[in-house]
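Presented below is the structure to which this report refers.
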Amino acid sequence: MTRWFAIPLWQRVVAALILGIIVGRIWGPGAENIKIVGDVFVASIKMLVVPLIFFSLVSGVAAIGDLRKLGRVGGRAMLLFVVTGQIAVWLGLWLGTVFGPGLGVDTSAIQMGVTPPPNDTTWRDMVMSIIPQSPVQVMADVAVLPLIVFSLLIGIGILMSGEDGAPVQKIFDSGSVVMQKVTAVVMELTPFGVFALMSWVAGTLGFDALYALAKLVGLNYLGCFLIIFVMYSGMIKFLARLPVIHFYRGIVDAMAVSYSTASSNATLPVTLRCAERNLGVSNSVASFVISLGATINMNGTAMYLGLATLFGAQVFGVDLTWGQYFLISILGTLGAIGAAGIPGAGLIMMALVFGAVGVPLETIAFVAGVDRIMDMMRTVTNVSGDAAVAVTVASMTGEIDREEMISADDV
Ligand code: ASP
């Protein structure tokens, strides 16, 4: 037992993935019988969505400390978060369109559940659906967008209440820690879920499905590389006006930790240290931008949501209109904002985007087996983005020590 836990989770997951494919190939369609284990895994992840977003977002906003700071630094940071998030989803959509990773998969063996009908929402409906008319209903329906709005407002309310709000803030801080622990427990199911889902995919769908998944993984990595080395380099060079190479040298530690943990939250202390010590960002800007960013700035996840939605649409032959592309781009950005900085969060958020454009939710079970490998790279992208935004905002507001960034050798 202890030997099992001594092996890092990601290694157990990779082993489960390979074993799952082998067993599935040998077992054939009979592997359908163990899909239930995968379904339990995916359902357990879904269980976490509401409490995770609620606690982590409220405690993230409340951590800012005061409203004026929220405006000055927060405004710039939010703008960068949203703009880069939008670019990232469109990159995912573009990669998915150009390379068509989900084309040519025979899905006749998949037993379909209920496919959400494509919803032709008007702008009016969309605006109204963001307002959390009944917070309890919002939670019961797992409606992520109004939940985000509600959480932000509670966070702002806490900031406005000063001393009187402190006990409530404490509850959210503590709730957020507790939810991370619950998530860690659920994540222990990953090797079993991955094993079952991969045998099901390999056994019932054959090589074309595995090939499609391999392409999806490849494109996920390509998209992340483009975001890190093109978009962030551009930000550092043209917005922050700092030497790009020093930036990457300064965040190597955070990149390594995020790749192995697949969690922006778990990497947070390392990212903070890199930003302050190696990149010369002031403590107040670093702590605010990076802790908020760990919860809401997820460009790797945003790119992936765009890519995965197209993948699902291609696999199941759903035609998407331009209007739906725009909807995906908005929901992808918002989904990335709503995703918690923990392993598997991107997978959880897929339901939000899929449901809105009529892509079958079966796609989630289909890709869940390879999600962890993609998650690791998404997280590196997310964490590097937090550091890039912190450096840029710090440089715009005069809160960076340029000398320190350039001369830092001890990285
Ligand atoms: N694991 C990612 C993170 O912590 C989120 C995701 O699943 O995309 O940043």
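Here's how to read the names in the structure tokens: chain A, B, ... by the order shown, residue numbers from 1 in each chain, ligand numbers from 1 in the order shown.
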
(message) From a backbone DSSP assignment, name each residue in region 299-399 of chain A labelled helix (DSSP H, G or I), as number ranges by chain.
(response) A: 299-315, 322-338, 345-357, 362-396

(message) Taking only C-alpha atoms and all ligand atoms into account, which residues have an atom no farther than 6 Å from ligand 1? I'd like them as a ChimeraX atom specification.
(response) /A:262-264,301,341-346,375,378-379,382

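CA of Thr363 (chain A) lies 24.1 Å from CA of Val138 (chain A).
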
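Between CA of Thr309 (chain A) and CA of Ala184 (chain A) the interatomic distance comes to 26.3 Å.
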
(request) Find the spatial neighbours of Thr261 (chain A), counting only C-alpha atoms, within a cut-off of 9 Å - ignore same-chain residues fewer than 4 positions away - and output them as a VMD selection string. (result) chain A and resid 9 to 10 256 to 257 266 to 267 342 to 343 376 379

Would you put the residues from that selection into a file with C-alpha atoms, as a PDB file, in the first residue's frame?
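Result file out_15.pdb:
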```pdb
ATOM      1  CA  LEU A   9       0.934   9.876  -9.198  1.00  0.00           C
ATOM      2  CA  TRP A  10       1.926  10.821 -12.723  1.00  0.00           C
ATOM      3  CA  ALA A 256       9.475  22.033 -13.663  1.00  0.00           C
ATOM      4  CA  VAL A 257       7.225  21.921 -10.607  1.00  0.00           C
ATOM      5  CA  ALA A 266       0.547  23.542  -5.835  1.00  0.00           C
ATOM      6  CA  THR A 267       3.169  25.451  -7.825  1.00  0.00           C
ATOM      7  CA  ILE A 342      -5.669  21.714  -9.721  1.00  0.00           C
ATOM      8  CA  PRO A 343      -5.059  18.561 -11.766  1.00  0.00           C
ATOM      9  CA  MET A 376       0.905  18.660 -17.258  1.00  0.00           C
ATOM     10  CA  THR A 379      -0.240  23.722 -16.300  1.00  0.00           C
TER      11      THR A 379
END
```

Within 10 Å of Met160 (chain A), counting only C-alpha atoms, which residues show up once you throw out same-chain ones fewer than 6 positions away? Write them as a PDB file with N, CA and C atoms, in the first residue's frame, please.
```pdb
ATOM      1  N   ALA A  62     -10.704  37.816  -2.179  1.00  0.00           N
ATOM      2  CA  ALA A  62     -10.576  38.396  -0.844  1.00  0.00           C
ATOM      3  C   ALA A  62      -9.104  38.588  -0.461  1.00  0.00           C
ATOM      4  N   GLY A  65      -6.956  42.060  -0.595  1.00  0.00           N
ATOM      5  CA  GLY A  65      -6.755  42.909   0.574  1.00  0.00           C
ATOM      6  C   GLY A  65      -7.459  44.253   0.559  1.00  0.00           C
ATOM      7  N   ASP A  66      -7.392  44.998  -0.551  1.00  0.00           N
ATOM      8  CA  ASP A  66      -8.146  46.246  -0.521  1.00  0.00           C
ATOM      9  C   ASP A  66      -8.612  46.651  -1.910  1.00  0.00           C
ATOM     10  N   LEU A  67      -9.697  47.388  -1.927  1.00  0.00           N
ATOM     11  CA  LEU A  67     -10.387  47.659  -3.185  1.00  0.00           C
ATOM     12  C   LEU A  67      -9.595  48.533  -4.145  1.00  0.00           C
ATOM     13  N   ILE A 154     -19.145  37.993  -3.966  1.00  0.00           N
ATOM     14  CA  ILE A 154     -18.941  37.693  -2.538  1.00  0.00           C
ATOM     15  C   ILE A 154     -17.538  38.137  -2.117  1.00  0.00           C
TER      16      ILE A 154
END
```

(request) Find the residues near Ile227 (chain A): any atom within 10 Å, counting only C-alpha atoms, skip ones fewer than 3 places away on the same chain, and give them as a PyMOL selection string. (result) chain A and resi 84+87-88+91+221-224+230-234+299-300+303+381-382+384-385

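If you look at CA of Val391 (chain A) and CA of Ala275 (chain A), they are 7.4 Å away from each other.
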
Within 10 Å of region 165-180 of chain A: each region 50-160 of chain A residue with its shortest pair, only C-alpha atoms, as JSON lines:
```
{"residue": "A:Pro51", "atom": "CA", "partner": "A:Met179", "partner_atom": "CA", "distance": 7.1}
{"residue": "A:Leu52", "atom": "CA", "partner": "A:Met179", "partner_atom": "CA", "distance": 6.0}
{"residue": "A:Ile53", "atom": "CA", "partner": "A:Ser176", "partner_atom": "CA", "distance": 8.8}
{"residue": "A:Phe54", "atom": "CA", "partner": "A:Ser176", "partner_atom": "CA", "distance": 8.4}
{"residue": "A:Phe55", "atom": "CA", "partner": "A:Ser176", "partner_atom": "CA", "distance": 4.8}
{"residue": "A:Ser56", "atom": "CA", "partner": "A:Ser176", "partner_atom": "CA", "distance": 5.1}
{"residue": "A:Leu57", "atom": "CA", "partner": "A:Ser176", "partner_atom": "CA", "distance": 8.6}
{"residue": "A:Val58", "atom": "CA", "partner": "A:Phe172", "partner_atom": "CA", "distance": 6.6}
{"residue": "A:Ser59", "atom": "CA", "partner": "A:Asp173", "partner_atom": "CA", "distance": 5.2}
{"residue": "A:Gly60", "atom": "CA", "partner": "A:Asp173", "partner_atom": "CA", "distance": 8.3}
{"residue": "A:Val61", "atom": "CA", "partner": "A:Gln169", "partner_atom": "CA", "distance": 9.9}
{"residue": "A:Ala62", "atom": "CA", "partner": "A:Gln169", "partner_atom": "CA", "distance": 6.7}
{"residue": "A:Ala63", "atom": "CA", "partner": "A:Gln169", "partner_atom": "CA", "distance": 8.5}
{"residue": "A:Ile154", "atom": "CA", "partner": "A:Gln169", "partner_atom": "CA", "distance": 9.5}
{"residue": "A:Gly155", "atom": "CA", "partner": "A:Gln169", "partner_atom": "CA", "distance": 8.2}
{"residue": "A:Gly157", "atom": "CA", "partner": "A:Gly165", "partner_atom": "CA", "distance": 7.9}
{"residue": "A:Ile158", "atom": "CA", "partner": "A:Gly165", "partner_atom": "CA", "distance": 5.0}
{"residue": "A:Leu159", "atom": "CA", "partner": "A:Gly165", "partner_atom": "CA", "distance": 7.3}
{"residue": "A:Met160", "atom": "CA", "partner": "A:Gly165", "partner_atom": "CA", "distance": 7.8}
```

(message) Show me, as a list of chain:residue names, the residues that have an atom within 12 Å of region 5-7 of chain A when counting only C-alpha atoms, minus same-chain residues fewer than 6 positions from it.
(response) A:Val13, A:Val14, A:Ala15, A:Val185, A:Glu188, A:Leu189, A:Pro191

The selected residues should be written to file as a short mmCIF file (atom, residue, chain, number, x, y, z; two decimals), in the first residue's frame (atoms: N, CA and C atoms).
```cif
data_model
loop_
_atom_site.label_atom_id
_atom_site.label_comp_id
_atom_site.auth_asym_id
_atom_site.auth_seq_id
_atom_site.Cartn_x
_atom_site.Cartn_y
_atom_site.Cartn_z
N VAL A 13 -0.10 7.03 -13.36
CA VAL A 13 -1.06 7.33 -14.42
C VAL A 13 -0.53 6.88 -15.79
N VAL A 14 0.74 7.18 -16.03
CA VAL A 14 1.32 6.79 -17.32
C VAL A 14 1.32 5.27 -17.46
N ALA A 15 1.67 4.58 -16.35
CA ALA A 15 1.67 3.11 -16.39
C ALA A 15 0.26 2.59 -16.67
N VAL A 185 -7.74 13.64 -2.91
CA VAL A 185 -8.26 12.29 -2.67
C VAL A 185 -8.87 11.73 -3.96
N GLU A 188 -6.60 10.44 -6.59
CA GLU A 188 -6.02 9.11 -6.39
C GLU A 188 -6.76 8.05 -7.22
N LEU A 189 -7.96 8.42 -7.67
CA LEU A 189 -8.69 7.48 -8.54
C LEU A 189 -8.16 7.50 -9.97
N PRO A 191 -5.35 6.77 -11.67
CA PRO A 191 -4.78 5.61 -12.38
C PRO A 191 -5.86 4.59 -12.76
#
```
